[in-house]
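Trainee: File upload_28.cif below, mmCIF, C-alpha atoms:
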```
data_data
#
loop_
_atom_site.label_atom_id
_atom_site.label_comp_id
_atom_site.auth_asym_id
_atom_site.auth_seq_id
_atom_site.Cartn_x
_atom_site.Cartn_y
_atom_site.Cartn_z
CA MET A 1 0.00 0.00 0.00
CA SER A 2 1.33 3.42 -0.88
CA PRO A 3 2.19 5.94 1.85
CA ARG A 4 -0.77 7.95 3.04
CA ALA A 5 -1.33 11.21 4.80
CA PHE A 6 -0.71 11.31 8.54
CA ALA A 7 -3.89 10.84 10.57
CA GLU A 8 -4.14 10.88 14.35
CA HIS A 9 -6.90 10.38 16.89
CA PRO A 10 -8.47 13.60 18.23
CA ARG A 11 -6.35 15.73 20.55
CA PRO A 12 -7.97 18.50 22.62
CA ALA A 13 -6.22 21.66 23.59
CA ALA A 14 -3.82 21.40 26.53
CA PRO A 15 -5.43 22.16 29.91
CA GLN A 16 -4.80 25.50 31.49
CA GLU A 17 -2.48 25.56 34.51
CA GLY A 18 -4.43 25.53 37.75
CA ASP A 19 -7.55 24.02 36.22
CA ALA A 20 -8.19 21.24 38.78
CA GLU A 21 -10.88 19.56 36.69
CA SER A 22 -8.40 19.11 33.84
CA GLN A 23 -5.76 17.37 35.92
CA PRO A 24 -5.79 13.64 35.01
CA LEU A 25 -6.10 10.91 37.57
CA ILE A 26 -2.96 8.80 37.64
CA ASP A 27 -4.63 5.38 37.85
CA PRO A 28 -8.41 5.78 37.78
CA PRO A 29 -10.55 2.71 38.48
CA ALA A 30 -12.92 1.25 35.95
CA GLY A 31 -16.18 3.17 35.95
CA THR A 32 -14.52 6.58 36.30
CA ARG A 33 -16.30 9.20 34.21
CA VAL A 34 -14.08 11.26 31.90
CA SER A 35 -14.74 13.28 28.79
CA GLU A 36 -13.84 11.91 25.40
CA ALA A 37 -11.23 14.63 25.02
CA ASP A 38 -9.59 13.67 28.30
CA TYR A 39 -9.71 10.01 27.34
CA TRP A 40 -7.74 10.62 24.15
CA THR A 41 -5.31 12.90 25.94
CA HIS A 42 -4.67 10.97 29.14
CA TYR A 43 -6.04 7.42 28.99
CA TYR A 44 -6.01 6.09 25.44
CA GLU A 45 -2.34 5.12 25.72
CA HIS A 46 -2.47 4.40 29.45
CA GLU A 47 -0.76 1.20 30.63
CA ASN A 48 -4.09 -0.06 32.01
CA GLY A 49 -5.41 -0.38 28.45
CA TYR A 50 -8.58 1.62 29.01
CA GLU A 51 -11.49 1.61 26.61
CA TRP A 52 -14.09 4.37 26.71
CA ASN A 53 -17.83 3.70 26.77
CA ASN A 54 -19.97 6.79 26.48
CA GLY A 55 -18.09 8.76 29.11
CA VAL A 56 -16.98 5.85 31.32
CA LEU A 57 -13.55 4.22 31.50
CA GLU A 58 -13.50 0.44 31.10
CA VAL A 59 -10.47 -1.77 31.67
CA LYS A 60 -9.91 -4.55 29.17
CA PRO A 61 -9.86 -7.87 31.04
CA VAL A 62 -7.03 -10.38 30.66
CA SER A 63 -7.55 -13.71 28.90
CA ASP A 64 -6.16 -16.96 30.29
CA ALA A 65 -3.08 -18.62 28.81
CA LEU A 66 -4.97 -21.21 26.76
CA THR A 67 -7.03 -18.49 25.09
CA THR A 68 -3.92 -16.37 24.55
CA TRP A 69 -2.24 -19.25 22.72
CA ILE A 70 -5.30 -19.60 20.47
CA TYR A 71 -5.14 -15.86 19.79
CA GLN A 72 -1.45 -16.07 18.90
CA TRP A 73 -2.04 -19.00 16.54
CA LEU A 74 -4.93 -17.25 14.79
CA LEU A 75 -2.91 -14.05 14.53
CA GLY A 76 -0.09 -16.05 12.94
CA LEU A 77 -2.56 -17.57 10.47
CA PHE A 78 -3.80 -14.11 9.47
CA ARG A 79 -0.19 -13.00 8.95
CA LEU A 80 0.57 -16.03 6.77
CA TYR A 81 -2.52 -15.25 4.69
CA LEU A 82 -1.61 -11.58 4.33
CA ASP A 83 2.00 -12.42 3.45
CA THR A 84 0.49 -14.19 0.45
CA HIS A 85 -2.41 -11.95 -0.54
CA ARG A 86 -1.32 -8.54 0.80
CA ASN A 87 -4.88 -7.22 0.68
CA ALA A 88 -5.25 -5.93 4.25
CA TYR A 89 -3.45 -4.68 7.35
CA LEU A 90 -3.66 -5.91 10.95
CA THR A 91 -3.72 -4.02 14.22
CA CYS A 92 -3.37 -5.64 17.64
CA LEU A 93 -4.43 -5.11 21.25
CA GLU A 94 -4.02 -1.41 22.13
CA PHE A 95 -5.05 -0.03 18.72
CA GLY A 96 -8.50 1.55 19.07
CA PHE A 97 -11.27 2.94 16.88
CA ARG A 98 -14.20 5.23 17.55
CA LEU A 99 -17.74 3.92 17.20
CA SER A 100 -20.34 6.61 16.68
CA LEU A 101 -23.50 4.66 17.41
CA PRO A 102 -27.15 5.80 17.35
CA ASN A 103 -27.41 5.81 21.14
CA LYS A 104 -23.86 6.49 22.27
CA ILE A 105 -20.18 6.84 21.40
CA ALA A 106 -17.60 4.21 22.36
CA ILE A 107 -13.89 3.75 21.77
CA ARG A 108 -12.91 0.10 21.54
CA LYS A 109 -9.57 -1.67 21.25
CA PRO A 110 -10.20 -5.06 19.67
CA ASP A 111 -7.57 -7.68 20.39
CA LEU A 112 -7.13 -7.89 16.64
CA GLY A 113 -8.40 -5.54 13.98
CA LEU A 114 -8.20 -5.88 10.21
CA VAL A 115 -8.48 -3.17 7.58
CA LEU A 116 -8.92 -4.19 3.96
CA ASP A 117 -7.13 -2.28 1.23
CA SER A 118 -10.61 -1.70 -0.22
CA ASN A 119 -11.81 0.02 2.96
CA PRO A 120 -12.73 3.66 2.14
CA GLN A 121 -10.68 4.77 5.16
CA PRO A 122 -7.08 3.59 4.73
CA LEU A 123 -4.94 2.73 7.73
CA ALA A 124 -2.19 5.33 7.65
CA ASP A 125 1.39 4.39 8.47
CA GLN A 126 1.61 6.68 11.48
CA ASP A 127 -1.91 6.24 12.85
CA ARG A 128 -2.19 5.49 16.57
CA SER A 129 -5.88 4.75 16.28
CA TYR A 130 -7.98 3.76 13.30
CA GLN A 131 -10.08 6.55 11.86
CA GLY A 132 -12.61 4.28 10.14
CA THR A 133 -14.47 1.05 10.89
CA PHE A 134 -12.55 -2.19 10.98
CA ASP A 135 -13.53 -4.87 8.48
CA LEU A 136 -12.93 -7.61 11.05
CA CYS A 137 -12.55 -7.58 14.82
CA VAL A 138 -11.35 -10.42 17.04
CA GLU A 139 -11.80 -10.49 20.80
CA ALA A 140 -10.09 -13.04 23.06
CA LEU A 141 -12.77 -13.66 25.65
CA SER A 142 -12.03 -13.36 29.36
CA ASP A 143 -14.31 -15.50 31.51
CA SER A 144 -13.22 -14.13 34.89
CA SER A 145 -16.77 -12.90 35.54
CA PRO A 146 -20.19 -13.04 33.86
CA ALA A 147 -19.90 -9.30 33.18
CA GLU A 148 -16.69 -9.81 31.23
CA ILE A 149 -18.30 -12.59 29.20
CA ARG A 150 -21.28 -10.36 28.42
CA ARG A 151 -18.97 -7.51 27.37
CA ASP A 152 -17.64 -9.48 24.39
CA THR A 153 -20.62 -11.72 23.63
CA GLU A 154 -23.36 -9.13 24.00
CA GLN A 155 -22.16 -5.55 24.41
CA LYS A 156 -19.37 -5.54 21.81
CA HIS A 157 -21.43 -7.83 19.61
CA ASP A 158 -24.13 -5.16 19.46
CA GLU A 159 -21.65 -2.28 19.13
CA TYR A 160 -19.66 -3.84 16.29
CA GLN A 161 -22.88 -4.84 14.55
CA ALA A 162 -24.29 -1.31 14.76
CA ALA A 163 -20.96 0.24 13.71
CA GLY A 164 -20.88 -1.90 10.57
CA VAL A 165 -17.94 -4.23 11.30
CA PRO A 166 -18.53 -6.94 8.65
CA GLU A 167 -17.09 -9.86 10.63
CA TYR A 168 -16.64 -10.40 14.37
CA TYR A 169 -14.80 -13.37 15.91
CA ILE A 170 -14.83 -14.30 19.60
CA ILE A 171 -12.21 -16.85 20.59
CA HIS A 172 -11.75 -18.83 23.79
CA HIS A 173 -10.31 -22.19 24.79
CA ASP A 174 -13.83 -23.45 25.58
CA PRO A 175 -15.65 -24.24 22.28
CA ARG A 176 -18.88 -22.86 23.78
CA TRP A 177 -17.38 -19.36 23.54
CA GLN A 178 -15.90 -19.72 20.06
CA LEU A 179 -18.35 -17.50 18.20
CA PHE A 180 -18.01 -16.19 14.65
CA TYR A 181 -20.38 -13.64 13.14
CA ARG A 182 -20.96 -12.03 9.76
CA ARG A 183 -23.29 -9.14 8.95
CA ASN A 184 -26.13 -10.09 6.64
CA ALA A 185 -27.94 -7.98 4.07
CA PHE A 186 -30.00 -6.38 6.85
CA GLY A 187 -26.91 -5.27 8.80
CA LEU A 188 -27.41 -7.86 11.54
CA TYR A 189 -24.89 -10.42 12.74
CA GLU A 190 -25.61 -14.04 12.04
CA PRO A 191 -23.37 -17.01 12.84
CA ILE A 192 -20.92 -17.94 10.13
CA PRO A 193 -21.88 -21.42 8.84
CA ARG A 194 -19.53 -24.14 10.07
CA GLU A 195 -19.24 -26.18 6.90
CA ALA A 196 -17.30 -29.42 7.43
CA GLY A 197 -15.89 -27.93 10.64
CA LEU A 198 -14.45 -24.91 8.80
CA ILE A 199 -14.87 -21.18 9.35
CA ARG A 200 -14.58 -19.29 6.06
CA SER A 201 -14.22 -15.54 5.84
CA ALA A 202 -16.37 -13.67 3.34
CA ILE A 203 -14.15 -10.59 3.32
CA LEU A 204 -10.82 -12.41 2.89
CA PRO A 205 -11.07 -14.63 -0.19
CA GLY A 206 -9.72 -18.10 0.58
CA PHE A 207 -9.08 -17.50 4.29
CA ARG A 208 -10.35 -20.41 6.36
CA PHE A 209 -9.47 -22.55 9.35
CA ARG A 210 -10.68 -25.66 11.13
CA LEU A 211 -12.36 -25.02 14.45
CA GLU A 212 -10.51 -27.96 15.99
CA ASP A 213 -7.22 -26.37 14.92
CA LEU A 214 -7.79 -23.53 17.34
CA SER A 215 -6.88 -26.10 19.98
CA ARG A 216 -4.50 -28.24 17.91
CA GLN A 217 -2.62 -25.19 16.57
CA PRO A 218 -0.72 -26.96 13.78
CA SER A 219 2.65 -25.54 12.80
CA PRO A 220 3.25 -23.84 9.43
CA GLU A 221 5.23 -26.92 8.39
CA ALA A 222 2.19 -29.11 9.05
CA MET A 223 -0.14 -26.66 7.31
CA LEU A 224 2.00 -26.79 4.17
CA GLU A 225 0.76 -30.34 3.64
CA ASP A 226 -2.84 -29.58 4.63
CA PRO A 227 -5.25 -28.80 1.73
CA VAL A 228 -7.18 -26.40 3.97
CA TYR A 229 -4.16 -24.13 4.51
CA ALA A 230 -1.72 -24.95 1.72
CA PRO A 231 -3.24 -22.44 -0.77
CA PHE A 232 -2.21 -19.48 1.39
CA VAL A 233 0.49 -20.71 3.79
CA LEU A 234 3.99 -19.90 2.48
CA PRO A 235 3.21 -20.45 -1.23
CA ASN A 236 6.58 -19.01 -2.26
CA TRP A 237 8.33 -21.52 -0.04
CA GLN A 238 6.12 -24.24 -1.48
CA ARG A 239 7.03 -23.16 -5.02
CA ASP A 240 10.71 -23.13 -4.08
CA ARG A 241 10.38 -26.56 -2.52
CA GLN A 242 8.55 -27.84 -5.59
CA ALA A 243 11.24 -26.37 -7.81
CA ARG A 244 13.90 -28.09 -5.70
CA VAL A 245 12.02 -31.38 -5.93
CA GLN A 246 11.64 -30.99 -9.68
CA ALA A 247 15.32 -30.11 -10.03
CA GLU A 248 16.28 -33.17 -7.98
CA GLN A 249 13.98 -35.32 -10.08
CA ALA A 250 15.50 -33.88 -13.26
CA HIS A 251 18.98 -34.57 -11.88
CA GLN A 252 18.02 -38.13 -11.01
CA GLN A 253 16.51 -38.61 -14.45
CA ALA A 254 19.64 -37.20 -16.11
CA GLU A 255 21.84 -39.47 -13.96
CA GLN A 256 19.68 -42.45 -14.83
CA ALA A 257 19.88 -41.56 -18.52
CA ARG A 258 23.68 -41.22 -18.24
CA GLN A 259 23.95 -44.60 -16.58
CA GLN A 260 21.70 -46.16 -19.20
CA ALA A 261 23.79 -44.57 -21.96
CA GLU A 262 26.94 -45.94 -20.33
CA GLN A 263 25.36 -49.37 -20.09
CA ARG A 264 24.35 -49.22 -23.74
CA ALA A 265 27.83 -48.11 -24.71
CA THR A 266 29.39 -50.91 -22.65
CA THR A 267 27.00 -53.45 -24.16
CA ALA A 268 27.72 -52.16 -27.67
CA GLU A 269 31.48 -52.34 -27.02
CA ARG A 270 31.19 -55.89 -25.73
CA LEU A 271 29.10 -56.88 -28.74
CA ALA A 272 31.58 -55.27 -31.11
CA GLU A 273 34.46 -57.04 -29.38
CA GLN A 274 32.62 -60.32 -29.58
CA GLN A 275 31.93 -59.74 -33.27
CA ARG A 276 35.62 -58.90 -33.83
CA ARG A 277 36.67 -62.11 -32.10
CA GLU A 278 34.17 -64.15 -34.07
CA LYS A 279 35.37 -62.63 -37.35
CA ALA A 280 38.98 -63.21 -36.40
CA HIS A 281 38.15 -66.78 -35.49
CA GLU A 282 36.29 -67.18 -38.77
CA ARG A 283 39.27 -65.82 -40.71
CA ALA A 284 41.64 -68.07 -38.82
CA GLU A 285 39.41 -71.04 -39.46
CA LYS A 286 39.27 -70.25 -43.17
CA GLU A 287 43.02 -69.79 -43.24
CA ARG A 288 43.48 -73.15 -41.53
CA GLU A 289 41.14 -74.84 -44.00
CA ARG A 290 42.97 -73.19 -46.93
CA ALA A 291 46.32 -74.32 -45.61
CA GLU A 292 45.06 -77.84 -45.07
CA LYS A 293 43.66 -77.86 -48.59
CA GLU A 294 46.92 -76.66 -50.05
CA ALA A 295 48.81 -79.28 -48.07
CA LEU A 296 46.46 -81.95 -49.32
CA LEU A 297 46.92 -80.83 -52.90
CA VAL A 298 50.68 -80.92 -52.50
CA GLU A 299 50.47 -84.42 -51.06
CA LEU A 300 48.25 -85.58 -53.93
CA ALA A 301 50.68 -84.16 -56.46
CA ARG A 302 53.53 -85.98 -54.81
CA LEU A 303 51.66 -89.28 -54.83
CA ARG A 304 50.84 -88.90 -58.52
CA GLY A 305 54.48 -88.31 -59.24
CA GLN A 306 55.43 -91.52 -57.53
CA LEU A 307 52.96 -93.54 -59.57
CA ARG A 308 54.36 -92.46 -62.88
#
```
With the file now loaded, output its structure as structure tokens.
Mentor:
Amino acid sequence: MSPRAFAEHPRPAAPQEGDAESQPLIDPPAGTRVSEADYWTHYYEHENGYEWNNGVLEVKPVSDALTTWIYQWLLGLFRLYLDTHRNAYLTCLEFGFRLSLPNKIAIRKPDLGLVLDSNPQPLADQDRSYQGTFDLCVEALSDSSPAEIRRDTEQKHDEYQAAGVPEYYIIHHDPRWQLFYRRNAFGLYEPIPREAGLIRSAILPGFRFRLEDLSRQPSPEAMLEDPVYAPFVLPNWQRDRQARVQAEQAHQQAEQARQQAEQRATTAERLAEQQRREKAHERAEKERERAEKEALLVELARLRGQLR
């Protein structure tokens, strides 16, 4: 993608000295009310990873290790796909976007966001937040409390749906919370069909994965031999490997042809030598017969001379 103009999330004017209301809290708890301007200025890049929900700070919960490993594997699969197709860009974890919804405004930081090259709002190289609407969001569910489960499965589901995010994936180590949605023609999320145990993206042509592989997490080497993943996992490496195999096969064929040619040459030489020996033997035999005949004639002549 070509370089684009610099775009940055909104920045309000700096607070005036002595304005107590403008002084940020160092480590505010979840539920603290702050303005959107103060959120962008003081809390968007805060180490607590705050999101902003219509004037209220929310802290992103932490997923367990099993879910984190699923997230990392899926992220790696997206990267393998994009290394091949180069038709989108990824953002991760602390990269947020603003959702201007009919009933509120929220700023969310999906665990993984994807922006297609065809998106009318490009992702600029120096953006620190996305100025448009992601084409795909992934959330790694935290099940520490029912409220945290509802945040991803209900609240963000409704927000992303209303904001127009075409696809929304929820991942978790428990298959009950592995949920994959796609907006239909009416702008509502419906579950992505699980055909033969596969999830297929409608926005990324050819991108797919087995649900069971979220737990199995096969390596790229294993996926190279898997017809589900082989079309988009390291195709250049596959072509190089195929070229090496073909070159080795050609070398083996050439070596076999050389050996066969040597065998034919050796066989021809042996046949020629045998024919030379046979001809020499034939000539010697004829010479012997001629000599014997001449000797016989001489003997006959001598005997005739004696009889006279």
Trainee: One decimal, in Å: what's the spacing between CA of Leu198 (chain A) and CA of Tyr229 (chain A)?
Mentor: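 So the answer is 11.2 Å.
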Trainee: Please enumerate the residues selected by the PyMOL selection byres ((chain A and resi 149) around 12) when evaluated against the supplied file, formatted as an MDAnalysis selection string.
Mentor: chainID A and resid 60:63 139:148 150:157 170:172 176:178
Trainee: Tell me which of A:Asp27, A:Asn184, A:Phe209, A:Arg108 sits closest to Phe78 (chain A), counting only C-alpha atoms.
Mentor: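 Among the listed residues, A:Phe209 lies closest to Phe78 (chain A).
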Trainee: Please tell me which residues are no farther than 7 Å from (-18.7, 8.0, 25.4) in the file, counting only C-alpha atoms, and write them as an MDAnalysis selection string.
Mentor: chainID A and resid 36 52:56 104:106
Trainee: What does the distance between CA of Ala162 (chain A) and CA of Val138 (chain A) come to in Å, to one decimal place?
Mentor: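 Separation between CA of Ala162 (chain A) and CA of Val138 (chain A): 16.0 Å.
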Trainee: Need the shell around Leu112 (chain A): protein/DNA/RNA residues with any atom at most 7 Å away, counting all atoms listed in the file. Skip same-chain ones fewer than 2 positions apart. Format as an mmCIF file with C-alpha atoms, keeping the file's coordinate frame?
Mentor:
```cif
data_model
loop_
_atom_site.group_PDB
_atom_site.id
_atom_site.type_symbol
_atom_site.label_atom_id
_atom_site.label_comp_id
_atom_site.auth_asym_id
_atom_site.auth_seq_id
_atom_site.Cartn_x
_atom_site.Cartn_y
_atom_site.Cartn_z
ATOM 1 C CA LEU A 90 -3.660 -5.910 10.950
ATOM 2 C CA THR A 91 -3.720 -4.020 14.220
ATOM 3 C CA CYS A 92 -3.370 -5.640 17.640
ATOM 4 C CA LEU A 93 -4.430 -5.110 21.250
ATOM 5 C CA PRO A 110 -10.200 -5.060 19.670
ATOM 6 C CA LEU A 114 -8.200 -5.880 10.210
ATOM 7 C CA CYS A 137 -12.550 -7.580 14.820
ATOM 8 C CA VAL A 138 -11.350 -10.420 17.040
ATOM 9 C CA GLU A 139 -11.800 -10.490 20.800
#
```
Trainee: Take CA of Phe134 (chain A) and CA of Gly113 (chain A) and report the distance between them in Å, one decimal.
Mentor: 6.1 Å
Trainee: Which of these residues is nearest to Gln217 (chain A), using only C-alpha atoms: A:His173, A:Lys293, A:Arg258, A:His281?
Mentor: A:His173
Trainee: Exactly which residues make up the result of the PyMOL selection byres ((chain A and resi 200) around 12) on this file, given as a list in words?
Mentor: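 Applying the expression gives Glu167, Tyr169, Phe180, Tyr181, Arg182, Pro191, Ile192, Pro193, Arg194, Glu195, Ala196, Gly197, Leu198, Ile199, Ser201, Ala202, Ile203, Leu204, Pro205, Gly206, Phe207, Arg208, Phe209, Arg210, Leu211, Val228 and Tyr229 of chain A.
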Trainee: Just say which residues the PyMOL selection byres ((chain A and resi 97) around 6) picks in this file, as JSON, numbers by chain.
Mentor: {"A": [96, 98, 107, 108, 129, 130]}
Trainee: Compile the contact shell of Leu234 (chain A) as a PDB file with C-alpha atoms, in the coordinates of the input: residues with an atom at most 12 Å away, counting all atoms listed in the file, same-chain residues fewer than 3 positions apart removed.
Mentor:
```
ATOM      1  CA  GLY A  76      -0.090 -16.050  12.940  1.00  0.00           C
ATOM      2  CA  LEU A  77      -2.560 -17.570  10.470  1.00  0.00           C
ATOM      3  CA  PHE A  78      -3.800 -14.110   9.470  1.00  0.00           C
ATOM      4  CA  ARG A  79      -0.190 -13.000   8.950  1.00  0.00           C
ATOM      5  CA  LEU A  80       0.570 -16.030   6.770  1.00  0.00           C
ATOM      6  CA  TYR A  81      -2.520 -15.250   4.690  1.00  0.00           C
ATOM      7  CA  LEU A  82      -1.610 -11.580   4.330  1.00  0.00           C
ATOM      8  CA  ASP A  83       2.000 -12.420   3.450  1.00  0.00           C
ATOM      9  CA  THR A  84       0.490 -14.190   0.450  1.00  0.00           C
ATOM     10  CA  HIS A  85      -2.410 -11.950  -0.540  1.00  0.00           C
ATOM     11  CA  SER A 219       2.650 -25.540  12.800  1.00  0.00           C
ATOM     12  CA  PRO A 220       3.250 -23.840   9.430  1.00  0.00           C
ATOM     13  CA  GLU A 221       5.230 -26.920   8.390  1.00  0.00           C
ATOM     14  CA  ALA A 222       2.190 -29.110   9.050  1.00  0.00           C
ATOM     15  CA  MET A 223      -0.140 -26.660   7.310  1.00  0.00           C
ATOM     16  CA  LEU A 224       2.000 -26.790   4.170  1.00  0.00           C
ATOM     17  CA  GLU A 225       0.760 -30.340   3.640  1.00  0.00           C
ATOM     18  CA  TYR A 229      -4.160 -24.130   4.510  1.00  0.00           C
ATOM     19  CA  ALA A 230      -1.720 -24.950   1.720  1.00  0.00           C
ATOM     20  CA  PRO A 231      -3.240 -22.440  -0.770  1.00  0.00           C
ATOM     21  CA  TRP A 237       8.330 -21.520  -0.040  1.00  0.00           C
ATOM     22  CA  GLN A 238       6.120 -24.240  -1.480  1.00  0.00           C
ATOM     23  CA  ARG A 239       7.030 -23.160  -5.020  1.00  0.00           C
ATOM     24  CA  ASP A 240      10.710 -23.130  -4.080  1.00  0.00           C
ATOM     25  CA  ARG A 241      10.380 -26.560  -2.520  1.00  0.00           C
TER      26      ARG A 241
END
```
Trainee: So which residues are close to (-4.7, -4.2, 27.5), meaning at most 10 Å away in the file's coordinates with all atoms listed in the file counted, and can you show them as a list in words?
Mentor: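 Here the neighbourhood of the point contains Glu45, His46, Glu47, Asn48, Gly49, Tyr50, Glu51, Val59, Lys60, Pro61, Val62, Leu93, Glu94, Phe95, Lys109, Pro110 and Asp111 of chain A.
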